[in-house]
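**Student:** Pasting upload17.txt here (compact mmCIF, C-alpha atoms and all ligand atoms):
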```
# COMPACT_ATOMS: atom_id res chain seq x y z
CA MET A 394 21.69 5.00 -8.79
CA THR A 395 18.85 7.45 -8.32
CA ARG A 396 18.10 10.66 -10.05
CA SER A 397 18.19 12.58 -6.79
CA GLY A 398 21.23 10.68 -5.56
CA ARG A 399 19.63 10.23 -2.16
CA PHE A 400 18.29 7.12 -0.50
CA ASN A 401 15.30 5.94 1.44
CA PHE A 402 16.94 4.38 4.47
CA GLU A 403 13.59 3.14 5.79
CA THR A 404 13.44 0.63 2.94
CA ILE A 405 17.16 -0.03 2.75
CA VAL A 406 17.33 -1.18 6.38
CA ALA A 407 14.73 -3.83 5.50
CA PHE A 408 15.88 -4.85 2.02
CA ALA A 409 19.62 -5.12 2.59
CA PRO A 410 19.76 -7.37 5.68
CA LEU A 411 16.95 -9.69 4.58
CA HIS A 412 18.47 -10.23 1.14
CA ALA A 413 21.87 -10.84 2.74
CA ALA A 414 20.36 -13.19 5.33
CA CYS A 415 19.26 -15.58 2.57
CA VAL A 416 22.90 -16.75 2.49
CA LEU A 417 22.30 -18.28 5.92
CA LEU A 418 20.26 -20.98 4.17
CA LEU A 419 23.61 -22.66 3.49
CA TRP A 420 23.88 -23.34 7.22
CA THR A 421 20.19 -24.00 7.87
CA PRO A 422 19.09 -27.65 8.32
CA PHE A 423 16.61 -28.46 5.54
CA GLU A 424 13.34 -30.27 6.03
CA TRP A 425 10.57 -30.62 3.48
CA SER A 426 8.19 -29.00 5.93
CA CYS A 427 10.21 -25.80 5.47
CA LEU A 428 8.93 -25.58 1.89
CA VAL A 429 5.37 -25.85 3.21
CA TRP A 430 6.13 -22.92 5.52
CA LEU A 431 7.57 -20.98 2.60
CA VAL A 432 4.54 -21.52 0.34
CA ALA A 433 2.01 -20.93 3.11
CA THR A 434 3.57 -17.73 4.44
CA TYR A 435 4.08 -16.45 0.89
CA ALA A 436 0.49 -17.19 -0.17
CA VAL A 437 -1.29 -15.78 2.87
CA ARG A 438 0.77 -12.58 2.82
CA MET A 439 0.45 -12.20 -0.95
CA PHE A 440 -3.29 -12.34 -0.37
CA GLY A 441 -2.82 -9.55 2.18
CA ILE A 442 -1.10 -7.49 -0.50
CA THR A 443 -3.43 -8.24 -3.41
CA ALA A 444 -6.78 -8.31 -1.62
CA GLY A 445 -5.78 -5.86 1.10
CA TYR A 446 -3.32 -3.21 0.02
CA HIS A 447 -4.38 -3.33 -3.60
CA ARG A 448 -8.01 -4.27 -4.18
CA TYR A 449 -9.39 -3.00 -0.87
CA PHE A 450 -7.29 -0.07 0.34
CA ALA A 451 -6.19 1.30 -3.04
CA HIS A 452 -9.34 0.56 -5.06
CA ARG A 453 -12.19 -0.08 -2.61
CA SER A 454 -13.35 -3.08 -4.64
CA PHE A 455 -15.35 -4.52 -1.73
CA LYS A 456 -16.44 -3.65 1.77
CA LEU A 457 -15.32 -4.88 5.18
CA ASP A 458 -16.27 -4.12 8.74
CA ARG A 459 -13.79 -2.10 10.74
CA VAL A 460 -12.25 -5.06 12.55
CA SER A 461 -11.75 -7.05 9.33
CA GLN A 462 -10.28 -3.95 7.71
CA PHE A 463 -7.70 -3.69 10.50
CA VAL A 464 -6.89 -7.41 10.33
CA LEU A 465 -6.34 -7.20 6.56
CA ALA A 466 -4.10 -4.15 6.94
CA PHE A 467 -2.12 -5.91 9.69
CA LEU A 468 -1.75 -9.04 7.53
CA ALA A 469 -0.55 -6.96 4.57
CA GLN A 470 1.97 -5.17 6.76
CA THR A 471 3.56 -8.49 7.78
CA SER A 472 4.97 -8.37 4.24
CA ALA A 473 7.30 -5.50 5.24
CA GLN A 474 6.18 -3.32 2.32
CA MET A 475 5.78 -0.11 4.30
CA GLY A 476 2.46 0.99 5.81
CA VAL A 477 -1.04 0.59 4.50
CA LEU A 478 -1.61 4.30 3.80
CA TRP A 479 1.81 4.66 2.17
CA TRP A 480 1.19 1.65 -0.12
CA ALA A 481 -2.35 2.52 -1.17
CA ALA A 482 -1.57 6.20 -1.74
CA HIS A 483 1.42 5.43 -3.94
CA HIS A 484 -0.69 2.98 -5.91
CA ARG A 485 -3.51 5.45 -6.47
CA THR A 486 -0.92 7.90 -7.76
CA HIS A 487 0.36 5.18 -10.10
CA HIS A 488 -3.10 4.84 -11.66
CA ARG A 489 -3.51 8.57 -11.93
CA TYR A 490 -0.29 8.98 -13.93
CA SER A 491 0.30 5.50 -15.39
CA ASP A 492 3.45 5.63 -17.51
CA ILE A 493 3.39 9.40 -17.79
CA GLU A 494 5.24 12.05 -15.82
CA GLY A 495 4.21 11.67 -12.20
CA ASP A 496 4.19 7.84 -12.22
CA MET A 497 6.87 7.03 -9.65
CA HIS A 498 7.62 3.51 -10.85
CA SER A 499 7.14 3.41 -14.60
CA PRO A 500 9.56 1.12 -16.50
CA VAL A 501 8.60 3.05 -19.64
CA LEU A 502 9.71 6.44 -18.34
CA ARG A 503 12.73 5.09 -16.50
CA SER A 504 14.45 1.70 -16.26
CA LEU A 505 13.16 -1.77 -15.42
CA TRP A 506 15.40 -1.74 -12.34
CA TRP A 507 14.00 1.62 -11.27
CA SER A 508 10.41 0.39 -11.55
CA HIS A 509 11.23 -2.84 -9.69
CA MET A 510 13.28 -1.62 -6.72
CA GLY A 511 15.16 1.57 -7.54
CA TRP A 512 12.26 3.89 -6.71
CA LEU A 513 11.81 2.19 -3.33
CA LEU A 514 15.45 2.70 -2.42
CA SER A 515 15.34 6.34 -3.46
CA SER A 516 14.28 9.24 -1.27
CA GLU A 517 11.54 9.92 -3.84
CA SER A 518 9.45 7.07 -2.41
CA ARG A 519 9.69 8.24 1.18
CA HIS A 520 6.65 10.47 1.11
CA TYR A 521 3.20 9.79 -0.26
CA GLU A 522 0.32 12.04 -1.27
CA SER A 523 -1.73 11.93 1.92
CA ARG A 524 -4.64 13.78 0.30
CA VAL A 525 -5.41 10.82 -2.00
CA ILE A 526 -5.88 8.38 0.91
CA GLN A 527 -7.94 10.50 3.30
CA ASP A 528 -10.83 8.01 3.14
CA PHE A 529 -8.73 5.51 5.11
CA ALA A 530 -6.48 7.95 6.96
CA LYS A 531 -9.53 8.98 8.98
CA PHE A 532 -9.24 5.71 10.95
CA PRO A 533 -6.82 6.21 13.89
CA GLU A 534 -5.95 2.51 14.08
CA LEU A 535 -4.82 2.57 10.43
CA ARG A 536 -2.78 5.73 11.03
CA LEU A 537 -1.14 3.93 13.96
CA LEU A 538 -0.38 0.85 11.87
CA ASN A 539 1.00 3.04 9.10
CA LYS A 540 3.23 4.94 11.54
CA TYR A 541 4.65 1.80 13.14
CA HIS A 542 4.66 -0.13 9.88
CA ARG A 543 7.45 -2.52 10.85
CA VAL A 544 5.69 -3.91 13.92
CA PRO A 545 3.45 -6.49 12.17
CA ALA A 546 6.42 -7.88 10.20
CA ILE A 547 8.59 -8.10 13.31
CA LEU A 548 5.82 -9.86 15.25
CA PHE A 549 5.26 -12.23 12.34
CA GLY A 550 8.94 -13.15 12.21
CA ALA A 551 9.10 -13.58 15.98
CA ALA A 552 6.02 -15.80 15.98
CA LEU A 553 7.54 -18.07 13.33
CA PHE A 554 10.76 -18.33 15.33
CA ALA A 555 8.77 -19.20 18.46
CA VAL A 556 6.79 -21.87 16.64
CA GLY A 557 9.49 -23.60 14.61
CA GLY A 558 12.88 -22.22 15.56
CA PHE A 559 15.53 -20.96 13.17
CA PRO A 560 14.68 -23.12 10.08
CA VAL A 561 11.03 -22.03 10.10
CA PHE A 562 12.10 -18.41 10.67
CA MET A 563 14.47 -18.62 7.70
CA TRP A 564 12.01 -20.18 5.24
CA GLY A 565 8.76 -18.71 6.53
CA PHE A 566 10.02 -15.19 7.10
CA VAL A 567 13.39 -14.36 5.55
CA VAL A 568 13.12 -16.23 2.24
CA SER A 569 9.35 -15.84 2.04
CA THR A 570 9.52 -12.07 2.54
CA VAL A 571 12.25 -11.60 -0.06
CA VAL A 572 10.36 -13.69 -2.64
CA LEU A 573 7.18 -11.84 -1.72
CA TRP A 574 8.87 -8.50 -2.35
CA HIS A 575 10.03 -9.49 -5.81
CA GLY A 576 6.67 -11.06 -6.65
CA THR A 577 4.89 -7.84 -5.73
CA PHE A 578 7.45 -5.59 -7.39
CA SER A 579 7.21 -7.58 -10.64
CA ILE A 580 3.77 -6.04 -11.19
CA ASN A 581 5.26 -2.54 -11.14
CA SER A 582 8.10 -3.58 -13.44
CA LEU A 583 7.39 -6.63 -15.64
CA ALA A 584 3.60 -6.18 -15.85
CA HIS A 585 4.20 -2.92 -17.72
CA VAL A 586 6.59 -4.42 -20.30
CA TRP A 587 5.93 -8.19 -20.69
CA GLY A 588 2.63 -9.64 -21.87
CA SER A 589 -0.45 -8.92 -23.93
CA ARG A 590 -2.64 -5.83 -24.10
CA PRO A 591 -6.28 -6.76 -24.84
CA PHE A 592 -7.35 -3.25 -23.81
CA GLU A 593 -5.99 0.02 -25.11
CA THR A 594 -5.58 1.63 -21.72
CA GLY A 595 -3.34 4.53 -22.63
CA ASP A 596 -0.49 3.11 -20.56
CA GLN A 597 1.75 0.08 -21.06
CA SER A 598 0.02 -2.33 -18.63
CA ARG A 599 0.10 -6.00 -19.69
CA ASN A 600 -1.64 -9.29 -19.02
CA ASN A 601 0.80 -12.05 -18.11
CA PHE A 602 -0.21 -15.60 -17.12
CA PHE A 603 3.02 -16.36 -15.27
CA LEU A 604 2.86 -13.14 -13.23
CA ALA A 605 -0.80 -13.86 -12.47
CA LEU A 606 0.15 -17.26 -11.02
CA ILE A 607 2.91 -15.99 -8.74
CA THR A 608 0.92 -12.93 -7.58
CA LEU A 609 -2.43 -14.67 -7.05
CA GLY A 610 -4.10 -12.83 -9.93
CA GLU A 611 -2.34 -9.47 -10.15
CA GLY A 612 -0.72 -10.42 -13.45
CA TRP A 613 -3.93 -9.54 -15.30
CA HIS A 614 -2.66 -6.02 -15.04
CA ASN A 615 -3.99 -4.71 -18.33
CA ASN A 616 -7.47 -5.90 -17.34
CA HIS A 617 -6.92 -4.15 -14.04
CA HIS A 618 -5.87 -0.84 -15.57
CA GLN A 619 -9.03 -1.01 -17.70
CA PHE A 620 -11.40 -1.98 -14.86
CA MET A 621 -9.54 -0.84 -11.76
CA TYR A 622 -12.63 -0.90 -9.55
CA SER A 623 -13.14 -4.64 -10.18
CA ALA A 624 -12.17 -7.08 -7.42
CA ARG A 625 -11.95 -9.66 -10.19
CA GLN A 626 -8.90 -9.08 -12.38
CA GLY A 627 -8.99 -12.37 -14.30
CA LEU A 628 -12.00 -11.69 -16.48
CA HIS A 629 -12.13 -14.96 -18.44
CA TRP A 630 -12.44 -18.38 -16.77
CA TRP A 631 -8.90 -19.24 -17.80
CA GLU A 632 -7.47 -16.05 -16.36
CA ILE A 633 -6.64 -17.59 -12.97
CA ASP A 634 -7.18 -15.10 -10.16
CA MET A 635 -6.67 -16.82 -6.80
CA SER A 636 -7.22 -13.62 -4.82
CA TYR A 637 -10.67 -13.17 -6.32
CA TYR A 638 -11.60 -16.80 -5.65
CA ALA A 639 -10.60 -16.35 -1.99
CA LEU A 640 -12.57 -13.10 -1.77
CA LYS A 641 -15.58 -14.86 -3.27
CA VAL A 642 -15.39 -17.54 -0.57
CA LEU A 643 -15.07 -14.88 2.14
CA SER A 644 -18.14 -13.16 0.68
CA LEU A 645 -20.13 -16.40 1.11
CA PHE A 646 -19.41 -16.15 4.84
CA GLY A 647 -20.39 -12.48 4.93
CA ILE A 648 -16.88 -11.30 5.81
CA VAL A 649 -16.48 -9.57 2.45
CA ARG A 650 -19.46 -7.51 1.27
CA GLU A 651 -20.45 -5.76 -1.96
CA LEU A 652 -17.75 -7.41 -4.03
CA ARG A 653 -17.51 -5.29 -7.18
CA THR A 654 -16.69 -7.17 -10.36
CA GLN A 655 -16.56 -6.42 -14.04
CA ASN A 656 -19.35 -8.03 -16.01
CA LEU A 657 -17.81 -10.12 -18.80
CA SER A 658 -20.47 -9.20 -21.39
CA ASP A 659 -19.77 -5.53 -20.69
CA THR A 660 -16.11 -6.31 -21.13
CA PHE A 661 -16.69 -7.48 -24.68
CA LYS A 662 -18.61 -4.28 -25.47
CA VAL A 663 -15.70 -2.09 -24.54
CA GLN A 664 -12.98 -4.39 -25.85
CA THR A 665 -12.84 -2.65 -29.19
CA VAL A 666 -13.24 0.83 -27.84
CA ILE A 667 -10.18 2.99 -27.82
CA ASN A 668 -10.26 4.53 -24.39
CA SER A 669 -9.26 8.08 -23.95
CA ARG A 670 -6.43 8.91 -21.61
CA SER A 671 -8.84 10.82 -19.42
CA SER A 672 -10.73 7.64 -18.54
CA ASN A 673 -7.80 6.52 -16.42
CA VAL A 674 -6.81 9.56 -14.48
CA GLU A 675 -9.13 9.27 -11.53
CA PRO A 676 -7.42 7.73 -8.50
CA LEU A 677 -10.63 5.93 -7.61
CA ARG A 678 -12.53 5.04 -10.71
CA ILE A 679 -16.01 4.12 -9.71
CA GLY A 680 -17.83 2.23 -12.41
CA LYS A 681 -20.64 -0.20 -12.89
CA SER A 682 -20.40 -3.21 -10.65
CA THR A 683 -22.29 -6.46 -10.74
ZN ZN B 1 0.21 -0.60 -13.34
ZN ZN B 2 -4.36 -0.97 -9.04
```
Is it possible to give me this structure as structure tokens?

**Tutor:**
Amino acid sequence: MTRSGRFNFETIVAFAPLHAACVLLLWTPFEWSCLVWLVATYAVRMFGITAGYHRYFAHRSFKLDRVSQFVLAFLAQTSAQMGVLWWAAHHRTHHRYSDIEGDMHSPVLRSLWWSHMGWLLSSESRHYESRVIQDFAKFPELRLLNKYHRVPAILFGAALFAVGGFPVFMWGFVVSTVVLWHGTFSINSLAHVWGSRPFETGDQSRNNFFLALITLGEGWHNNHHQFMYSARQGLHWWEIDMSYYALKVLSLFGIVRELRTQNLSDTFKVQTVINSRSSNVEPLRIGKST
């Protein structure tokens, strides 16, 4: 299955049982409220991934105080997608080598399956480049979270069971987490093969309306590869970006500060420019914000 032929058992012990446990739905009493639990737990944790892991920890698209930073990392880790430093470091490496040698989950270099889940199951994903995430690794509480990365997810599942029993645990944790995984992973896989490319980014990133809906805005992936510092990935009004809207609301309350966004008029100026490959190699591309 993998090039190295070895596995990452840290991810396998999460993926295998939770996927298998979905079969238990056949014996789980159904209530319509379970769907509300599914949507709510999916949405709030997807926000943790998109606003937290991605736009904050990987790209520093806005600022938070230290407590809010910890809360966002904790929320993101309830998604059972490894630790905050692991996630953000791998993602910075993805931008540095997008679809060229060194990109760990490129569907262009390897297969769609590899980019979606194969790389996570392989031993190649076990380690991350710690030097690219030193700006956040300096916080001991984040290092602790990263080390015990399963704890937030386990507490989240236990809390749901305590609140609503087995049906709420099944829909709000088991099914929700599995769907959340595939929603997130679709950006690594499908968002590099399916959709439009308004910007010549030097990689194969795509804009995809459907993926943007299910990932709260991450589907505007070609926009993102062009303006990776921007907290706003849907640049036009019709490019729905729920994560950005939520961040905007949080900024009105002062929780989120210095929200960095791409100015749309500047976007039009660069739309016809063929960008050189070198413009995308920095792990943290700091550009003009508005
Ligand atoms: Zn990408
Ligand atoms: Zn990114």

**Student:** Quick one: of A:Glu517, A:Glu632, A:Glu403, A:Asp496, who's nearest to ligand ZN 1 (chain B), counting only C-alpha atoms and all ligand atoms?

**Tutor:** A:Asp496

**Student:** At most 7 Å is the cut-off: for each residue in chain A with any atom that close to an atom of ligand ZN 2 (chain B), write down the nearest atom pair and the distance in Å rounded to one decimal, counting only C-alpha atoms and all ligand atoms, chain first then increasing number, as CSV.

**Tutor:**
```
residue,atom,partner,partner_atom,distance
A:His447,CA,B:ZN2,ZN,5.9
A:Arg448,CA,B:ZN2,ZN,6.9
A:Ala451,CA,B:ZN2,ZN,6.7
A:His452,CA,B:ZN2,ZN,6.6
A:His484,CA,B:ZN2,ZN,6.2
A:Arg485,CA,B:ZN2,ZN,7.0
A:His488,CA,B:ZN2,ZN,6.5
A:His617,CA,B:ZN2,ZN,6.5
A:His618,CA,B:ZN2,ZN,6.7
A:Met621,CA,B:ZN2,ZN,5.9
```

**Student:** Counting only C-alpha atoms, which residues in range 483-530 of chain A sit no more than 7 Å from range 457-479 of chain A? For each one, give the nearest pair of atoms and the distance in Å, sorted by chain then residue number, as a tab-separated table.

**Tutor:**
```
residue	atom	partner	partner_atom	distance
A:His483	CA	A:Trp479	CA	6.2
A:Tyr521	CA	A:Trp479	CA	5.8
A:Ile526	CA	A:Leu478	CA	6.6
A:Ala530	CA	A:Leu478	CA	6.9
```

**Student:** Show which residues sit within 12 Å of Gly647 in chain A, as an MDAnalysis selection string. Count only C-alpha atoms, and ignore same-chain residues fewer than 2 positions away.

**Tutor:** chainID A and resid 455:458 461 640:645 649:652

**Student:** Ranking A:His614, A:His575, A:Arg625, A:Arg590 by minimum distance to Met439 in chain A and counting all atoms listed in the file, which one comes first?

**Tutor:**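 When distances to Met439 in chain A are compared using all atoms listed in the file, the smallest one comes from A:His575.
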
**Student:** Find the distance between CA of Ala551 in chain A and CA of Val406 in chain A and write it in Å to one decimal.

**Tutor:** 17.7 Å
